[in-house]
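Chemist: Pasting in a structure now, in structure tokens, and then I'll have a few things to ask.
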Amino acid sequence: MGDLSGKTYFITGGSGGLGKGLAKILFARGAHVTLFARNGERLASAKEDVLKLRVNKNQELDAVSVDLADGSQAWAQVEQVFRCQKRIPDDLYCSTGGAILENGFLADITPGDLKQAINNNYLTAVFAAQAALRIWREADRQAWQRGAEPASDPRFTLKVASKYAVRAIADTLRLEALLLSNPASTYKIHCAFPGTFISPALIAEQASKPRLTKQMEGTDMEIEALTKCFPSSDEMAQRILAGVERGSFAVCPDFQSGLLRSGILGPSARRGPGIVDTLLGLLLVLLWPLVNRFWFERMCKTGRLELLERHGVQVEKKHQE
């Protein structure tokens, strides 16, 4: 992990969890960092924690309070806020997201919850990515006119709850980056698929998450036990950065995330030469019907029976079978 002195990083969702973890690692390696988040109080607290890791007096750490999830205004204000910063970022990490209030089954949640989930988990990443691309493209044009060749390596880690949507965006942007790359700048897109990790958002989600969901993802336990079973935000941030620095388009920080992604690749880019992802995909195609039938479907049937009994409906044993 090399020295990043002189580099500038923008991190959305920087007030806690993965965003804060990324900020701590990058700042400790000498980079300038700007944090963006909605909650000003948490943002100020995160800034204090990250500042403790300063390695040289010239480093700058800024914290900007902005609501990236306000779909009616974010598309216009995000670019304006980015342009107001003292430096153009070399890299942008989009780590906003979460579903603290939007947990539940589709039939139970409200249309407003659905809209808010899209705002929180998808548009926050897309608006930030769009703003950064516009700023970088403009800077490239100016550098090209001056005959300069600045060393710029814009990269993204798009981490959103809407996995399919963000993967589609990342796949498209990966090709667009090839089109945009020029003698002034080489554009690279990275998409991270982290599994479960300990963060303030996860702990908050546990309160409203259905028990069946917890059982399926392996989080049906007390918080203390969770912290022993899953990596911390800082550890997950370290794994993601390692994948980005290896140049991987798809960053899968653990075996489970790599296995699951391999089963839904379609036309998406494989990691490396593609051999591992292809083999994992074949393995998942063979095993998933068994996992689905004897694990997930059985969980759903058991959960249905428990739900009926809670509502006073008596179910005979033969029905359970």
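Residue numbering restarts at 1 for every chain of the structure tokens, chains are lettered A, B, ... in their displayed order, and ligands are numbered from 1 as they appear.
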For range 239-242 of chain A, find every residue with an atom within 9 Å (counting only C-alpha atoms), except residues of its own chain fewer than 6 positions away, and show them as a PyMOL selection string.
Modeler: chain A and resi 1+22+25+157+192-194+251-254
Chemist: Using only N, CA and C atoms, please write the residues we just selected to a file, as a PDB file, in the first residue's frame.
Modeler:
```pdb
ATOM      1  N   MET A   1       0.870  -1.179   0.000  1.00  0.00           N
ATOM      2  CA  MET A   1       0.000   0.000   0.000  1.00  0.00           C
ATOM      3  C   MET A   1       0.900   1.221   0.000  1.00  0.00           C
ATOM      4  N   LEU A  22     -12.828   3.874   4.590  1.00  0.00           N
ATOM      5  CA  LEU A  22     -12.007   4.223   3.431  1.00  0.00           C
ATOM      6  C   LEU A  22     -11.218   5.499   3.691  1.00  0.00           C
ATOM      7  N   ILE A  25      -8.116   4.942   5.931  1.00  0.00           N
ATOM      8  CA  ILE A  25      -7.004   4.279   5.243  1.00  0.00           C
ATOM      9  C   ILE A  25      -6.300   5.246   4.295  1.00  0.00           C
ATOM     10  N   THR A 157     -15.660   3.133  -6.690  1.00  0.00           N
ATOM     11  CA  THR A 157     -16.211   1.947  -6.042  1.00  0.00           C
ATOM     12  C   THR A 157     -17.675   2.247  -5.796  1.00  0.00           C
ATOM     13  N   ALA A 192     -17.609  -2.761  -6.305  1.00  0.00           N
ATOM     14  CA  ALA A 192     -17.369  -3.638  -5.158  1.00  0.00           C
ATOM     15  C   ALA A 192     -18.646  -4.375  -4.777  1.00  0.00           C
ATOM     16  N   PHE A 193     -18.485  -5.622  -4.398  1.00  0.00           N
ATOM     17  CA  PHE A 193     -19.600  -6.469  -3.965  1.00  0.00           C
ATOM     18  C   PHE A 193     -19.305  -7.008  -2.565  1.00  0.00           C
ATOM     19  N   PRO A 194     -19.234  -6.142  -1.575  1.00  0.00           N
ATOM     20  CA  PRO A 194     -18.917  -6.629  -0.229  1.00  0.00           C
ATOM     21  C   PRO A 194     -20.055  -7.433   0.356  1.00  0.00           C
ATOM     22  N   VAL A 251     -14.705  -6.120  -7.560  1.00  0.00           N
ATOM     23  CA  VAL A 251     -13.986  -6.345  -6.305  1.00  0.00           C
ATOM     24  C   VAL A 251     -14.890  -7.170  -5.390  1.00  0.00           C
ATOM     25  N   CYS A 252     -14.537  -8.422  -5.195  1.00  0.00           N
ATOM     26  CA  CYS A 252     -15.310  -9.325  -4.327  1.00  0.00           C
ATOM     27  C   CYS A 252     -14.441  -9.647  -3.115  1.00  0.00           C
ATOM     28  N   PRO A 253     -14.691  -8.980  -1.985  1.00  0.00           N
ATOM     29  CA  PRO A 253     -13.790  -9.093  -0.841  1.00  0.00           C
ATOM     30  C   PRO A 253     -13.861 -10.414  -0.086  1.00  0.00           C
ATOM     31  N   ASP A 254     -14.790 -11.300  -0.416  1.00  0.00           N
ATOM     32  CA  ASP A 254     -14.868 -12.578   0.272  1.00  0.00           C
ATOM     33  C   ASP A 254     -15.369 -13.641  -0.708  1.00  0.00           C
TER      34      ASP A 254
END
```
Chemist: Please list as a PDB file with all heavy atoms, in the first residue's frame every residue within 10 Å of Cys229 in chain A, counting only C-alpha atoms and excluding residues in the same chain fewer than 3 positions away.
Modeler:
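Wrote out_24.pdb, looks like this:
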```
ATOM      1  N   THR A 196     -21.613  -9.189   4.059  1.00  0.00           N
ATOM      2  CA  THR A 196     -22.027  -8.564   5.312  1.00  0.00           C
ATOM      3  C   THR A 196     -20.812  -8.098   6.099  1.00  0.00           C
ATOM      4  O   THR A 196     -19.829  -8.835   6.237  1.00  0.00           O
ATOM      5  CB  THR A 196     -22.833  -9.555   6.164  1.00  0.00           C
ATOM      6  OG1 THR A 196     -23.943 -10.022   5.398  1.00  0.00           O
ATOM      7  CG2 THR A 196     -23.338  -8.903   7.437  1.00  0.00           C
ATOM      8  N   PHE A 197     -20.865  -6.868   6.602  1.00  0.00           N
ATOM      9  CA  PHE A 197     -19.812  -6.353   7.470  1.00  0.00           C
ATOM     10  C   PHE A 197     -20.443  -5.458   8.528  1.00  0.00           C
ATOM     11  O   PHE A 197     -21.555  -4.970   8.369  1.00  0.00           O
ATOM     12  CB  PHE A 197     -18.743  -5.597   6.677  1.00  0.00           C
ATOM     13  CG  PHE A 197     -19.250  -4.395   5.936  1.00  0.00           C
ATOM     14  CD1 PHE A 197     -19.225  -3.131   6.518  1.00  0.00           C
ATOM     15  CD2 PHE A 197     -19.746  -4.512   4.647  1.00  0.00           C
ATOM     16  CE1 PHE A 197     -19.697  -2.017   5.838  1.00  0.00           C
ATOM     17  CE2 PHE A 197     -20.217  -3.408   3.954  1.00  0.00           C
ATOM     18  CZ  PHE A 197     -20.196  -2.151   4.555  1.00  0.00           C
ATOM     19  N   ILE A 198     -19.745  -5.257   9.623  1.00  0.00           N
ATOM     20  CA  ILE A 198     -20.278  -4.517  10.756  1.00  0.00           C
ATOM     21  C   ILE A 198     -20.170  -3.015  10.498  1.00  0.00           C
ATOM     22  O   ILE A 198     -19.087  -2.506  10.224  1.00  0.00           O
ATOM     23  CB  ILE A 198     -19.531  -4.865  12.057  1.00  0.00           C
ATOM     24  CG1 ILE A 198     -19.545  -6.382  12.281  1.00  0.00           C
ATOM     25  CG2 ILE A 198     -20.163  -4.145  13.244  1.00  0.00           C
ATOM     26  CD1 ILE A 198     -20.936  -6.987  12.352  1.00  0.00           C
ATOM     27  N   GLY A 218     -27.590 -15.016   7.586  1.00  0.00           N
ATOM     28  CA  GLY A 218     -26.734 -15.444   8.678  1.00  0.00           C
ATOM     29  C   GLY A 218     -26.492 -14.410   9.748  1.00  0.00           C
ATOM     30  O   GLY A 218     -25.460 -14.442  10.434  1.00  0.00           O
ATOM     31  N   THR A 219     -27.438 -13.464   9.926  1.00  0.00           N
ATOM     32  CA  THR A 219     -27.257 -12.412  10.931  1.00  0.00           C
ATOM     33  C   THR A 219     -28.268 -12.507  12.062  1.00  0.00           C
ATOM     34  O   THR A 219     -28.469 -11.537  12.794  1.00  0.00           O
ATOM     35  CB  THR A 219     -27.370 -11.021  10.273  1.00  0.00           C
ATOM     36  OG1 THR A 219     -28.682 -10.879   9.685  1.00  0.00           O
ATOM     37  CG2 THR A 219     -26.313 -10.824   9.208  1.00  0.00           C
ATOM     38  N   MET A 221     -28.619 -13.097  15.146  1.00  0.00           N
ATOM     39  CA  MET A 221     -27.867 -13.240  16.400  1.00  0.00           C
ATOM     40  C   MET A 221     -27.724 -11.874  17.055  1.00  0.00           C
ATOM     41  O   MET A 221     -28.054 -10.851  16.460  1.00  0.00           O
ATOM     42  CB  MET A 221     -26.482 -13.839  16.116  1.00  0.00           C
ATOM     43  CG  MET A 221     -25.622 -13.009  15.190  1.00  0.00           C
ATOM     44  SD  MET A 221     -24.072 -13.824  14.719  1.00  0.00           S
ATOM     45  CE  MET A 221     -24.635 -14.958  13.450  1.00  0.00           C
ATOM     46  N   ILE A 223     -25.877  -8.534  18.628  1.00  0.00           N
ATOM     47  CA  ILE A 223     -24.856  -7.664  18.037  1.00  0.00           C
ATOM     48  C   ILE A 223     -23.453  -8.126  18.417  1.00  0.00           C
ATOM     49  O   ILE A 223     -22.534  -8.122  17.579  1.00  0.00           O
ATOM     50  CB  ILE A 223     -25.069  -6.205  18.478  1.00  0.00           C
ATOM     51  CG1 ILE A 223     -26.437  -5.702  18.005  1.00  0.00           C
ATOM     52  CG2 ILE A 223     -23.960  -5.313  17.927  1.00  0.00           C
ATOM     53  CD1 ILE A 223     -26.620  -5.715  16.506  1.00  0.00           C
ATOM     54  N   GLU A 224     -23.267  -8.518  19.663  1.00  0.00           N
ATOM     55  CA  GLU A 224     -21.937  -8.954  20.110  1.00  0.00           C
ATOM     56  C   GLU A 224     -21.455 -10.149  19.298  1.00  0.00           C
ATOM     57  O   GLU A 224     -20.282 -10.233  18.922  1.00  0.00           O
ATOM     58  CB  GLU A 224     -21.984  -9.298  21.598  1.00  0.00           C
ATOM     59  CG  GLU A 224     -20.628  -9.668  22.174  1.00  0.00           C
ATOM     60  CD  GLU A 224     -20.677  -9.958  23.666  1.00  0.00           C
ATOM     61  OE1 GLU A 224     -21.721  -9.646  24.291  1.00  0.00           O
ATOM     62  OE2 GLU A 224     -19.690 -10.478  24.194  1.00  0.00           O
ATOM     63  N   ALA A 225     -22.365 -11.083  19.019  1.00  0.00           N
ATOM     64  CA  ALA A 225     -21.997 -12.251  18.212  1.00  0.00           C
ATOM     65  C   ALA A 225     -21.725 -11.860  16.769  1.00  0.00           C
ATOM     66  O   ALA A 225     -20.836 -12.418  16.113  1.00  0.00           O
ATOM     67  CB  ALA A 225     -23.116 -13.298  18.276  1.00  0.00           C
ATOM     68  N   LEU A 226     -22.486 -10.884  16.263  1.00  0.00           N
ATOM     69  CA  LEU A 226     -22.261 -10.415  14.894  1.00  0.00           C
ATOM     70  C   LEU A 226     -20.837  -9.897  14.704  1.00  0.00           C
ATOM     71  O   LEU A 226     -20.199 -10.163  13.691  1.00  0.00           O
ATOM     72  CB  LEU A 226     -23.248  -9.288  14.553  1.00  0.00           C
ATOM     73  CG  LEU A 226     -24.649  -9.671  14.075  1.00  0.00           C
ATOM     74  CD1 LEU A 226     -25.498  -8.420  13.912  1.00  0.00           C
ATOM     75  CD2 LEU A 226     -24.592 -10.441  12.775  1.00  0.00           C
ATOM     76  N   SER A 232     -15.167  -5.938  10.227  1.00  0.00           N
ATOM     77  CA  SER A 232     -15.543  -4.566  10.542  1.00  0.00           C
ATOM     78  C   SER A 232     -15.569  -3.725   9.272  1.00  0.00           C
ATOM     79  O   SER A 232     -15.102  -4.154   8.201  1.00  0.00           O
ATOM     80  CB  SER A 232     -14.538  -3.955  11.526  1.00  0.00           C
ATOM     81  OG  SER A 232     -13.262  -3.840  10.902  1.00  0.00           O
TER      82      SER A 232
END
```
Chemist: Would you please give, as a ChimeraX atom specification, all residues of range 174-237 of chain A that DSSP assigns to helix (DSSP H, G or I) based on the backbone?
Modeler: /A:174-180,200-208,211-217,223-229,233-237
Chemist: Keeping N, CA, C and O atoms for every residue in the selection just given, could you write it to a file as a compact mmCIF listing (two decimals), in the first residue's frame?
Modeler:
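out_35.txt was written with the following content:
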```txt
# COMPACT_ATOMS: atom_id res chain seq x y z
N ARG A 174 -17.90 0.99 -17.39
CA ARG A 174 -16.61 0.38 -17.71
C ARG A 174 -16.28 0.54 -19.18
O ARG A 174 -15.15 0.86 -19.57
N LEU A 175 -17.30 0.36 -20.02
CA LEU A 175 -17.10 0.55 -21.46
C LEU A 175 -16.98 2.02 -21.81
O LEU A 175 -16.18 2.42 -22.66
N GLU A 176 -17.78 2.85 -21.13
CA GLU A 176 -17.71 4.29 -21.38
C GLU A 176 -16.35 4.84 -21.00
O GLU A 176 -15.83 5.76 -21.64
N ALA A 177 -15.74 4.26 -19.94
CA ALA A 177 -14.42 4.71 -19.51
C ALA A 177 -13.37 4.45 -20.59
O ALA A 177 -12.45 5.24 -20.77
N LEU A 178 -13.51 3.33 -21.29
CA LEU A 178 -12.59 3.05 -22.39
C LEU A 178 -12.71 4.10 -23.49
O LEU A 178 -11.73 4.50 -24.11
N LEU A 179 -13.95 4.55 -23.70
CA LEU A 179 -14.20 5.57 -24.71
C LEU A 179 -13.64 6.93 -24.28
O LEU A 179 -13.08 7.67 -25.09
N LEU A 180 -13.78 7.24 -22.98
CA LEU A 180 -13.35 8.54 -22.47
C LEU A 180 -11.84 8.64 -22.25
O LEU A 180 -11.29 9.74 -22.23
N PRO A 200 -22.56 0.98 11.37
CA PRO A 200 -23.73 1.57 12.04
C PRO A 200 -25.03 1.26 11.30
O PRO A 200 -26.07 1.05 11.93
N ALA A 201 -24.97 1.23 9.97
CA ALA A 201 -26.17 0.95 9.19
C ALA A 201 -26.67 -0.47 9.44
O ALA A 201 -27.87 -0.72 9.59
N LEU A 202 -25.74 -1.44 9.48
CA LEU A 202 -26.14 -2.84 9.71
C LEU A 202 -26.80 -2.98 11.09
O LEU A 202 -27.84 -3.63 11.23
N ILE A 203 -26.20 -2.36 12.09
CA ILE A 203 -26.74 -2.46 13.45
C ILE A 203 -28.13 -1.84 13.51
O ILE A 203 -29.05 -2.38 14.13
N ALA A 204 -28.30 -0.69 12.82
CA ALA A 204 -29.62 -0.05 12.80
C ALA A 204 -30.63 -0.89 12.04
O ALA A 204 -31.80 -0.98 12.42
N GLU A 205 -30.18 -1.52 10.94
CA GLU A 205 -31.08 -2.35 10.13
C GLU A 205 -31.59 -3.56 10.89
O GLU A 205 -32.70 -4.05 10.65
N GLN A 206 -30.78 -4.07 11.82
CA GLN A 206 -31.16 -5.27 12.55
C GLN A 206 -32.47 -5.10 13.31
O GLN A 206 -33.22 -6.07 13.51
N ALA A 207 -32.77 -3.87 13.72
CA ALA A 207 -33.97 -3.62 14.50
C ALA A 207 -35.24 -3.80 13.68
O ALA A 207 -36.28 -4.20 14.21
N SER A 208 -35.19 -3.51 12.37
CA SER A 208 -36.39 -3.58 11.55
C SER A 208 -36.36 -4.72 10.54
O SER A 208 -37.34 -4.96 9.84
N ARG A 211 -37.01 -11.45 10.64
CA ARG A 211 -36.17 -12.54 11.14
C ARG A 211 -35.78 -13.51 10.03
O ARG A 211 -34.66 -14.04 10.01
N LEU A 212 -36.69 -13.72 9.09
CA LEU A 212 -36.39 -14.62 7.98
C LEU A 212 -35.20 -14.10 7.17
O LEU A 212 -34.33 -14.87 6.76
N THR A 213 -35.16 -12.79 6.95
CA THR A 213 -34.04 -12.19 6.23
C THR A 213 -32.74 -12.42 6.98
O THR A 213 -31.70 -12.74 6.39
N LYS A 214 -32.80 -12.23 8.30
CA LYS A 214 -31.61 -12.46 9.12
C LYS A 214 -31.13 -13.90 9.02
O LYS A 214 -29.93 -14.18 8.93
N GLN A 215 -32.08 -14.83 9.02
CA GLN A 215 -31.71 -16.24 8.93
C GLN A 215 -31.04 -16.54 7.60
O GLN A 215 -30.05 -17.28 7.53
N MET A 216 -31.56 -15.97 6.52
CA MET A 216 -31.01 -16.23 5.20
C MET A 216 -29.61 -15.66 5.03
O MET A 216 -28.75 -16.28 4.39
N GLU A 217 -29.36 -14.51 5.62
CA GLU A 217 -28.04 -13.90 5.46
C GLU A 217 -27.10 -14.24 6.61
O GLU A 217 -25.95 -13.81 6.62
N ILE A 223 -25.88 -8.53 18.63
CA ILE A 223 -24.86 -7.66 18.04
C ILE A 223 -23.45 -8.13 18.42
O ILE A 223 -22.53 -8.12 17.58
N GLU A 224 -23.27 -8.52 19.66
CA GLU A 224 -21.94 -8.95 20.11
C GLU A 224 -21.46 -10.15 19.30
O GLU A 224 -20.28 -10.23 18.92
N ALA A 225 -22.37 -11.08 19.02
CA ALA A 225 -22.00 -12.25 18.21
C ALA A 225 -21.73 -11.86 16.77
O ALA A 225 -20.84 -12.42 16.11
N LEU A 226 -22.49 -10.88 16.26
CA LEU A 226 -22.26 -10.42 14.89
C LEU A 226 -20.84 -9.90 14.70
O LEU A 226 -20.20 -10.16 13.69
N THR A 227 -20.38 -9.13 15.68
CA THR A 227 -19.04 -8.53 15.57
C THR A 227 -17.95 -9.58 15.53
O THR A 227 -16.84 -9.30 15.05
N LYS A 228 -18.23 -10.77 16.05
CA LYS A 228 -17.24 -11.84 16.02
C LYS A 228 -17.29 -12.64 14.71
O LYS A 228 -16.31 -13.27 14.33
N CYS A 229 -18.43 -12.61 14.06
CA CYS A 229 -18.62 -13.43 12.85
C CYS A 229 -18.31 -12.70 11.55
O CYS A 229 -18.01 -13.33 10.54
N SER A 233 -16.09 -2.51 9.38
CA SER A 233 -16.09 -1.59 8.24
C SER A 233 -14.67 -1.31 7.78
O SER A 233 -14.39 -1.26 6.58
N ASP A 234 -13.76 -1.12 8.74
CA ASP A 234 -12.38 -0.83 8.39
C ASP A 234 -11.73 -1.99 7.64
O ASP A 234 -11.01 -1.78 6.66
N GLU A 235 -11.99 -3.21 8.10
CA GLU A 235 -11.41 -4.37 7.44
C GLU A 235 -11.97 -4.53 6.03
O GLU A 235 -11.24 -4.82 5.09
N MET A 236 -13.29 -4.31 5.87
CA MET A 236 -13.89 -4.42 4.56
C MET A 236 -13.36 -3.33 3.63
O MET A 236 -13.11 -3.57 2.44
N ALA A 237 -13.18 -2.13 4.17
CA ALA A 237 -12.60 -1.04 3.38
C ALA A 237 -11.20 -1.40 2.89
O ALA A 237 -10.84 -1.13 1.74
```
Chemist: Tell me, in Å to one decimal, how far CA of Val285 in chain A is from CA of Gly258 in chain A.
Modeler: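 Going from CA of Val285 in chain A over to CA of Gly258 in chain A covers 13.9 Å.
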Chemist: What's the separation between CA of Glu245 in chain A and CA of Leu282 in chain A, in Å to one decimal place?
Modeler: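 One can read the CA of Glu245 in chain A to CA of Leu282 in chain A distance as 28.0 Å.
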Chemist: Quick one: pull the distance between CA of Lys24 in chain A and CA of Tyr9 in chain A, Å, one decimal.
Modeler: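 The value is 11.5 Å.
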Chemist: Of the residues A:Gly112, A:Ile88, A:Pro289, A:Thr34, which is the one nearest to Asp140 in chain A, using only C-alpha atoms?
Modeler: A:Ile88
Chemist: Just checking: using only C-alpha atoms, which residue out of A:Lys20, A:Arg87, A:Lys188, A:Arg246 ends up closest to Gly6 in chain A?
Modeler: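 For Gly6 in chain A, the nearest of the candidates is A:Arg87.
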Chemist: For Asn58 in chain A, which of A:Ile109, A:Ala31, A:Leu290, A:Ala46 is the closest residue, counting only C-alpha atoms?
Modeler: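 Ranking A:Ile109, A:Ala31, A:Leu290, A:Ala46 by distance to Asn58 in chain A, first place goes to A:Ala31.
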